[in-house]
Amino acid sequence: MRDGRTVPLLLTLLLTAAGCTTGPALEDQGTVTGPPGDSKHLTIGSAGFTESDLLAQMYALLLDRAGYSTKVISVTNREIYEPALESGQIDVVPEYAATFADWLNAKKSGADAAPVGSPDLDITMRALRALATARGLTVLDPGRAVDQNAFAVTAPYAAKHRLRTLSDLGRSGLPVRLAAGDECVQRPYCAPGLKKTYGIDIAAVDPKGVGTTQAKQAVRSGRDQMVLTTTTDATLDDFGLVLLADDKHLQNADYLVPVVNRSRAGSPGVRDALDRLNTALTTADLARMNEQVDSWRRLPEDVARNYLESKKLIPRS
């Protein structure tokens with residue numbers, strides 16, 4: 001039976017695993033020919049933040065239902081958990097398509113490699129699967145839920161200036177002070193992209209972080225006019241904020257995808273169990289679950305179980 005707790009994985013063990021065995025050697029990458037594995041004892045990794053914890057718990061519950069024995073571990077650093085996934089110390093992780101594609105590409109070609117993720121999901125998935133396959137990993141199908149960067153303003157500000165989309169803001173000509181991470185000044189999805197794609201007048205970037213309480217408070221108080229956050233941010237209503245639609249698709253296709261170690265969890269049984277979530281989970285669903293954990297202080301496993309039961313993906317306990 002599954003260990004229902006999310007337990008931390010010892011950093012030293014993972015570092016040892018990463019140093020000793022990390023999937024196919026570089027000279028063998030692209031020639032993975034062994035049959036996909038079907039281990040009945042699977043370890044699911046979480047990146048240690050609320051959304052990743054929720055997804056890991058849902059994966060575990062679905063796999064339990066399909067006859068697997070699972071445990072969930074928390075590893076907060078992709079530089080650690082990805083080699084552990086290659087080595088088979090972790091079997092399944094929830095990932096974000098465009099972000100993970102770019103991360104694997106940088107690992108292969110260097111930090112200055114051109115991004116391969118894009119706003120087009122099909123293009124992103126082709127690039128991601130090619131990079132992952134060479135490392136002994138299999139990327140399962142994406143569902144409907146996406147966690148992308150997003151931009152929010154106060155509801156009164158949006159109403160006053162008739163803003164529904166980022167294009168509306170660009171056409172307004174309003175100078176915008178943007179609360180975001182300090183890297184926003186250079187990142188193409190942030191200040192440069194807002195200017196180039198939408199013609200938004202970014203007067204300044206206020207370095208308060210991505211979706212932090214301080215950033216949202218700065219917008220609510222009027223110090224800043226817009227905040228960089230995410231599409232699954234569960235606290236926007238608490239600050240009186242609304243998202244402006246990314247109608248020209250500036251942001252990359254960060255759809256949620258399960259990534260598995262092919263030699264241990266690449267079987268149709270694992271795929272079919274996790275694919276069931278794709279029929280139900282939406283971006284709005286994920287935002288509501290994040291809220292239950294972050295604002296209502298409920299346990300991720302309880303929230304995950306209640307959601308799957310409500311969608312009839314697992315029987316009620």
# chains A, B, ... in the order shown; residues from 1 in each chain; ligands from 1
>>> residues_around(residues="Asn105 (chain A)", least_positions_apart="2", cutoff="12 Å", atoms="only C-alpha atoms", output="list of chain:residue names")
A:Ala98, A:Thr99, A:Phe100, A:Ala101, A:Asp102, A:Trp103, A:Lys107, A:Lys108, A:Ser109, A:Gly110, A:Ala111, A:Asp112, A:Ala113, A:Ala114, A:Pro115, A:Val116, A:Gly117, A:Thr124, A:Ala127, A:Leu128, A:Arg129, A:Ala130, A:Leu131, A:Ala132, A:Ala134, A:Arg135
>>> residues_around(residues="region 230-239 of chain A", least_positions_apart="4", cutoff="6 Å", atoms="only C-alpha atoms", output="short mmCIF file (atom, residue, chain, number, x, y, z; two decimals) with N, CA, C and O atoms, in the first residue's frame")
data_model
loop_
_atom_site.label_atom_id
_atom_site.label_comp_id
_atom_site.auth_asym_id
_atom_site.auth_seq_id
_atom_site.Cartn_x
_atom_site.Cartn_y
_atom_site.Cartn_z
N ASP A 147 -0.05 26.02 -16.54
CA ASP A 147 0.40 26.99 -15.55
C ASP A 147 1.44 27.88 -16.22
O ASP A 147 2.63 27.57 -16.26
N GLN A 148 0.95 28.97 -16.77
CA GLN A 148 1.81 29.90 -17.50
C GLN A 148 1.99 31.19 -16.70
O GLN A 148 1.21 31.51 -15.80
N ASN A 149 3.01 31.93 -17.07
CA ASN A 149 3.11 33.29 -16.56
C ASN A 149 1.88 34.08 -17.01
O ASN A 149 1.35 33.86 -18.10
N ALA A 150 1.43 34.98 -16.15
CA ALA A 150 0.25 35.77 -16.45
C ALA A 150 0.39 37.14 -15.78
O ALA A 150 1.20 37.31 -14.86
N ALA A 287 -6.17 25.84 -9.82
CA ALA A 287 -6.13 27.07 -9.03
C ALA A 287 -6.97 26.91 -7.76
O ALA A 287 -6.55 27.35 -6.67
N ASN A 290 -5.06 24.72 -5.33
CA ASN A 290 -3.98 25.50 -4.73
C ASN A 290 -4.51 26.37 -3.59
O ASN A 290 -3.90 26.49 -2.53
N GLU A 291 -5.67 26.96 -3.83
CA GLU A 291 -6.27 27.83 -2.82
C GLU A 291 -6.62 27.04 -1.56
O GLU A 291 -6.41 27.52 -0.43
#
>>> select_by_dssp(residues="region 106-284 of chain A", states="helix (DSSP H, G or I)", output="number ranges by chain")
A: 106-109, 121-133, 155-161, 166-172, 182-185, 191-198, 213-221, 237-239, 262-265, 268-279, 283-284
>>> closest_atom_pairs(of="region 46-102 of chain A", to="region 254-261 of chain A", cutoff="8 Å", atoms="only C-alpha atoms", output="CSV")
residue,atom,partner,partner_atom,distance
A:Leu85,CA,A:Asn261,CA,6.0
A:Glu86,CA,A:Asn261,CA,6.1
A:Ser87,CA,A:Asn261,CA,7.9
A:Gly88,CA,A:Asn261,CA,6.1
A:Ile90,CA,A:Asn261,CA,7.6
A:Asp91,CA,A:Asn261,CA,5.1
A:Val92,CA,A:Val260,CA,4.4
A:Val93,CA,A:Val259,CA,5.4
A:Pro94,CA,A:Pro258,CA,4.6
A:Glu95,CA,A:Val257,CA,5.3
A:Tyr96,CA,A:Leu256,CA,4.9
A:Ala97,CA,A:Asp254,CA,4.9
A:Ala98,CA,A:Asp254,CA,5.0
A:Thr99,CA,A:Asp254,CA,6.4
>>> write_last_selection(atoms="N, CA, C and O atoms", output="PDB file, in the first residue's frame")
ATOM      1  N   LEU A  85      15.505  11.015 -11.686  1.00  0.00           N
ATOM      2  CA  LEU A  85      14.507  10.438 -12.585  1.00  0.00           C
ATOM      3  C   LEU A  85      15.190   9.622 -13.670  1.00  0.00           C
ATOM      4  O   LEU A  85      14.745   8.520 -14.004  1.00  0.00           O
ATOM      5  N   GLU A  86      16.270  10.121 -14.220  1.00  0.00           N
ATOM      6  CA  GLU A  86      17.011   9.367 -15.228  1.00  0.00           C
ATOM      7  C   GLU A  86      17.556   8.057 -14.661  1.00  0.00           C
ATOM      8  O   GLU A  86      17.557   7.025 -15.333  1.00  0.00           O
ATOM      9  N   SER A  87      18.046   8.108 -13.426  1.00  0.00           N
ATOM     10  CA  SER A  87      18.678   6.929 -12.836  1.00  0.00           C
ATOM     11  C   SER A  87      17.674   5.898 -12.345  1.00  0.00           C
ATOM     12  O   SER A  87      18.039   4.761 -12.062  1.00  0.00           O
ATOM     13  N   GLY A  88      16.402   6.282 -12.195  1.00  0.00           N
ATOM     14  CA  GLY A  88      15.383   5.366 -11.706  1.00  0.00           C
ATOM     15  C   GLY A  88      15.172   5.427 -10.214  1.00  0.00           C
ATOM     16  O   GLY A  88      14.398   4.641  -9.664  1.00  0.00           O
ATOM     17  N   ILE A  90      13.784   7.998  -8.881  1.00  0.00           N
ATOM     18  CA  ILE A  90      12.424   8.530  -8.978  1.00  0.00           C
ATOM     19  C   ILE A  90      11.846   7.997 -10.282  1.00  0.00           C
ATOM     20  O   ILE A  90      12.550   7.922 -11.295  1.00  0.00           O
ATOM     21  N   ASP A  91      10.572   7.633 -10.270  1.00  0.00           N
ATOM     22  CA  ASP A  91       9.958   7.024 -11.451  1.00  0.00           C
ATOM     23  C   ASP A  91       9.034   7.952 -12.228  1.00  0.00           C
ATOM     24  O   ASP A  91       8.896   7.807 -13.442  1.00  0.00           O
ATOM     25  N   VAL A  92       8.394   8.887 -11.527  1.00  0.00           N
ATOM     26  CA  VAL A  92       7.397   9.759 -12.149  1.00  0.00           C
ATOM     27  C   VAL A  92       7.500  11.147 -11.520  1.00  0.00           C
ATOM     28  O   VAL A  92       7.631  11.258 -10.295  1.00  0.00           O
ATOM     29  N   VAL A  93       7.432  12.201 -12.350  1.00  0.00           N
ATOM     30  CA  VAL A  93       7.329  13.563 -11.816  1.00  0.00           C
ATOM     31  C   VAL A  93       6.327  14.357 -12.657  1.00  0.00           C
ATOM     32  O   VAL A  93       6.212  14.138 -13.864  1.00  0.00           O
ATOM     33  N   PRO A  94       5.614  15.299 -12.039  1.00  0.00           N
ATOM     34  CA  PRO A  94       4.835  16.259 -12.824  1.00  0.00           C
ATOM     35  C   PRO A  94       5.761  17.367 -13.309  1.00  0.00           C
ATOM     36  O   PRO A  94       6.589  17.873 -12.548  1.00  0.00           O
ATOM     37  N   GLU A  95       5.618  17.723 -14.573  1.00  0.00           N
ATOM     38  CA  GLU A  95       6.468  18.777 -15.139  1.00  0.00           C
ATOM     39  C   GLU A  95       5.639  19.750 -15.968  1.00  0.00           C
ATOM     40  O   GLU A  95       4.432  19.567 -16.157  1.00  0.00           O
ATOM     41  N   TYR A  96       6.328  20.771 -16.489  1.00  0.00           N
ATOM     42  CA  TYR A  96       5.721  21.825 -17.296  1.00  0.00           C
ATOM     43  C   TYR A  96       6.407  21.806 -18.661  1.00  0.00           C
ATOM     44  O   TYR A  96       7.636  21.937 -18.749  1.00  0.00           O
ATOM     45  N   ALA A  97       5.632  21.610 -19.713  1.00  0.00           N
ATOM     46  CA  ALA A  97       6.177  21.229 -21.016  1.00  0.00           C
ATOM     47  C   ALA A  97       7.268  22.169 -21.518  1.00  0.00           C
ATOM     48  O   ALA A  97       8.391  21.742 -21.795  1.00  0.00           O
ATOM     49  N   ALA A  98       6.966  23.446 -21.671  1.00  0.00           N
ATOM     50  CA  ALA A  98       7.937  24.357 -22.260  1.00  0.00           C
ATOM     51  C   ALA A  98       9.135  24.578 -21.346  1.00  0.00           C
ATOM     52  O   ALA A  98      10.287  24.605 -21.805  1.00  0.00           O
ATOM     53  N   THR A  99       8.879  24.735 -20.063  1.00  0.00           N
ATOM     54  CA  THR A  99       9.971  24.956 -19.115  1.00  0.00           C
ATOM     55  C   THR A  99      10.922  23.768 -19.078  1.00  0.00           C
ATOM     56  O   THR A  99      12.153  23.930 -19.093  1.00  0.00           O
TER      57      THR A  99
END
>>> residues_around(residues="region 225-227 of chain A", least_positions_apart="2", cutoff="9 Å", atoms="only C-alpha atoms", output="ChimeraX atom specification")
/A:150-154,157,175-180,210-211,215-216,218-220,222-223,229
>>> residues_around(residues="region 274-279 of chain A", least_positions_apart="3", cutoff="12 Å", atoms="only C-alpha atoms", output="PDB file with C-alpha atoms, in the first residue's frame")
ATOM      1  CA  LEU A  55      -0.126  16.685  -8.775  1.00  0.00           C
ATOM      2  CA  ALA A  56       2.205  14.125  -7.213  1.00  0.00           C
ATOM      3  CA  GLN A  57      -0.522  13.055  -4.808  1.00  0.00           C
ATOM      4  CA  MET A  58      -3.056  12.736  -7.633  1.00  0.00           C
ATOM      5  CA  TYR A  59      -0.595  10.655  -9.654  1.00  0.00           C
ATOM      6  CA  ALA A  60      -0.053   8.383  -6.647  1.00  0.00           C
ATOM      7  CA  LEU A  61      -3.770   7.907  -6.034  1.00  0.00           C
ATOM      8  CA  LEU A  62      -4.449   7.113  -9.694  1.00  0.00           C
ATOM      9  CA  LEU A  63      -1.562   4.651  -9.833  1.00  0.00           C
ATOM     10  CA  ASP A  64      -2.711   3.038  -6.572  1.00  0.00           C
ATOM     11  CA  ARG A  65      -6.116   2.554  -8.164  1.00  0.00           C
ATOM     12  CA  ALA A  66      -4.412   0.878 -11.140  1.00  0.00           C
ATOM     13  CA  TYR A  68       0.697  -0.017  -8.258  1.00  0.00           C
ATOM     14  CA  VAL A  92       7.397   9.759 -12.149  1.00  0.00           C
ATOM     15  CA  VAL A  93       7.329  13.563 -11.816  1.00  0.00           C
ATOM     16  CA  PRO A  94       4.835  16.259 -12.824  1.00  0.00           C
ATOM     17  CA  VAL A 139       6.782  12.306 -21.656  1.00  0.00           C
ATOM     18  CA  LEU A 140       3.123  11.344 -21.426  1.00  0.00           C
ATOM     19  CA  ASP A 141       0.316  13.325 -23.036  1.00  0.00           C
ATOM     20  CA  PRO A 142      -0.493  16.811 -21.734  1.00  0.00           C
ATOM     21  CA  GLY A 143      -3.940  17.503 -20.378  1.00  0.00           C
ATOM     22  CA  ARG A 144      -6.015  20.684 -20.331  1.00  0.00           C
ATOM     23  CA  ALA A 145      -4.345  22.372 -17.357  1.00  0.00           C
ATOM     24  CA  VAL A 146      -1.629  24.934 -18.004  1.00  0.00           C
ATOM     25  CA  TYR A 255       0.975  22.511 -20.015  1.00  0.00           C
ATOM     26  CA  LEU A 256       1.228  19.963 -17.235  1.00  0.00           C
ATOM     27  CA  VAL A 257       2.793  16.682 -18.328  1.00  0.00           C
ATOM     28  CA  PRO A 258       3.841  13.559 -16.424  1.00  0.00           C
ATOM     29  CA  VAL A 259       7.423  12.509 -17.142  1.00  0.00           C
ATOM     30  CA  VAL A 260       8.438   8.922 -16.350  1.00  0.00           C
ATOM     31  CA  ALA A 265       7.423   3.239 -15.596  1.00  0.00           C
ATOM     32  CA  GLY A 266       7.074   3.450 -19.356  1.00  0.00           C
ATOM     33  CA  SER A 267       4.310   0.856 -19.590  1.00  0.00           C
ATOM     34  CA  PRO A 268       0.780   1.291 -20.941  1.00  0.00           C
ATOM     35  CA  GLY A 269      -0.499   0.646 -17.412  1.00  0.00           C
ATOM     36  CA  VAL A 270       1.188   3.778 -16.043  1.00  0.00           C
ATOM     37  CA  ARG A 271       0.243   5.805 -19.095  1.00  0.00           C
ATOM     38  CA  THR A 282      -8.418  22.174 -15.863  1.00  0.00           C
ATOM     39  CA  THR A 283      -6.389  25.261 -15.042  1.00  0.00           C
ATOM     40  CA  ASP A 285      -9.512  23.276 -11.048  1.00  0.00           C
ATOM     41  CA  LEU A 286      -5.830  23.465 -10.197  1.00  0.00           C
ATOM     42  CA  ALA A 304      -6.146  15.596  -4.217  1.00  0.00           C
ATOM     43  CA  TYR A 307     -10.924  16.115  -6.235  1.00  0.00           C
ATOM     44  CA  LEU A 308     -10.405  12.695  -7.812  1.00  0.00           C
ATOM     45  CA  GLU A 309     -13.393  11.301  -5.951  1.00  0.00           C
ATOM     46  CA  LYS A 311     -14.614  13.491 -10.692  1.00  0.00           C
ATOM     47  CA  LYS A 312     -15.228   9.744 -10.187  1.00  0.00           C
ATOM     48  CA  LEU A 313     -11.622   8.952 -11.105  1.00  0.00           C
ATOM     49  CA  ILE A 314     -11.204   6.945  -7.897  1.00  0.00           C
TER      50      ILE A 314
END
>>> closest_residue(among="A:Gln217, A:Leu228, A:Gln186, A:Ser167", to="Tyr198 (chain A)", atoms="only C-alpha atoms")
A:Ser167
>>> select_by_dssp(residues="region 146-188 of chain A", states="strand (DSSP E or B)", output="compact mmCIF listing (two decimals) with N, CA, C and O atoms, in the first residue's frame")
# COMPACT_ATOMS: atom_id res chain seq x y z
N VAL A 146 -2.86 24.24 -17.64
CA VAL A 146 -1.63 24.93 -18.00
C VAL A 146 -1.31 25.95 -16.92
O VAL A 146 -2.18 26.64 -16.41
N ASN A 149 3.01 31.93 -17.07
CA ASN A 149 3.11 33.29 -16.56
C ASN A 149 1.88 34.08 -17.01
O ASN A 149 1.35 33.86 -18.10
N ALA A 150 1.43 34.98 -16.15
CA ALA A 150 0.25 35.77 -16.45
C ALA A 150 0.39 37.14 -15.78
O ALA A 150 1.20 37.31 -14.86
N PHE A 151 -0.41 38.09 -16.23
CA PHE A 151 -0.32 39.45 -15.73
C PHE A 151 -1.68 39.90 -15.22
O PHE A 151 -2.71 39.68 -15.87
N ALA A 152 -1.68 40.51 -14.03
CA ALA A 152 -2.93 40.91 -13.39
C ALA A 152 -2.89 42.37 -12.99
O ALA A 152 -1.84 42.93 -12.66
N VAL A 153 -4.08 42.99 -13.01
CA VAL A 153 -4.28 44.37 -12.56
C VAL A 153 -5.45 44.37 -11.59
O VAL A 153 -6.15 43.37 -11.45
N THR A 154 -5.68 45.49 -10.91
CA THR A 154 -6.84 45.53 -10.02
C THR A 154 -8.11 45.58 -10.84
O THR A 154 -8.14 46.10 -11.97
N THR A 165 -7.74 42.36 -22.06
CA THR A 165 -6.59 41.67 -22.63
C THR A 165 -5.35 42.55 -22.53
O THR A 165 -5.42 43.76 -22.29
N PRO A 175 1.12 54.32 -19.08
CA PRO A 175 2.41 53.88 -18.54
C PRO A 175 2.17 52.89 -17.40
O PRO A 175 1.30 53.08 -16.56
N VAL A 176 2.94 51.81 -17.39
CA VAL A 176 2.70 50.72 -16.44
C VAL A 176 3.97 50.44 -15.65
O VAL A 176 5.04 50.18 -16.22
N ARG A 177 3.83 50.52 -14.35
CA ARG A 177 4.89 50.07 -13.44
C ARG A 177 4.56 48.63 -13.07
O ARG A 177 3.48 48.35 -12.54
N LEU A 178 5.48 47.70 -13.35
CA LEU A 178 5.22 46.27 -13.26
C LEU A 178 5.93 45.66 -12.07
O LEU A 178 7.16 45.75 -11.94
N ALA A 179 5.18 45.02 -11.17
CA ALA A 179 5.75 44.27 -10.05
C ALA A 179 6.09 42.87 -10.53
O ALA A 179 5.21 42.12 -10.96
N ALA A 180 7.37 42.53 -10.46
CA ALA A 180 7.82 41.25 -11.02
C ALA A 180 9.19 40.92 -10.43
O ALA A 180 9.72 41.65 -9.58
>>> closest_atom_pairs(of="region 61-87 of chain A", to="region 43-49 of chain A", cutoff="10 Å", atoms="only C-alpha atoms", output="CSV")
residue,atom,partner,partner_atom,distance
A:Ser69,CA,A:Thr43,CA,8.7
A:Thr70,CA,A:Thr43,CA,5.7
A:Lys71,CA,A:Thr43,CA,5.1
A:Val72,CA,A:Ile44,CA,4.8
A:Ile73,CA,A:Gly45,CA,5.1
A:Ser74,CA,A:Ser46,CA,4.7
A:Val75,CA,A:Ala47,CA,5.2
A:Thr76,CA,A:Ala47,CA,4.4
A:Asn77,CA,A:Ala47,CA,6.6
A:Arg78,CA,A:Ala47,CA,7.3
A:Ile80,CA,A:Ala47,CA,10.0
A:Tyr81,CA,A:Gly45,CA,7.4
A:Glu82,CA,A:Gly45,CA,9.5
A:Ala84,CA,A:Gly45,CA,9.4
A:Leu85,CA,A:Gly45,CA,8.4
>>> atom_distance(atom1="CA of Ala284 (chain A)", atom2="CA of Pro315 (chain A)")
22.8 Å
>>> closest_residue(among="A:Glu79, A:Leu104, A:Leu166, A:Gly67", to="Leu243 (chain A)", atoms="only C-alpha atoms")
A:Leu166
>>> closest_residue(among="A:Leu54, A:Leu194, A:Cys184, A:Ala253", to="Asp206 (chain A)", atoms="only C-alpha atoms")
A:Cys184
>>> closest_residue(among="A:Lys40, A:Arg298, A:Lys208, A:Lys195", to="Asp182 (chain A)", atoms="only C-alpha atoms")
A:Lys208
>>> atom_distance(atom1="CA of Leu241 (chain A)", atom2="CA of Leu299 (chain A)")
25.9 Å
>>> atom_distance(atom1="CA of Gln251 (chain A)", atom2="CA of Tyr189 (chain A)")
6.0 Å
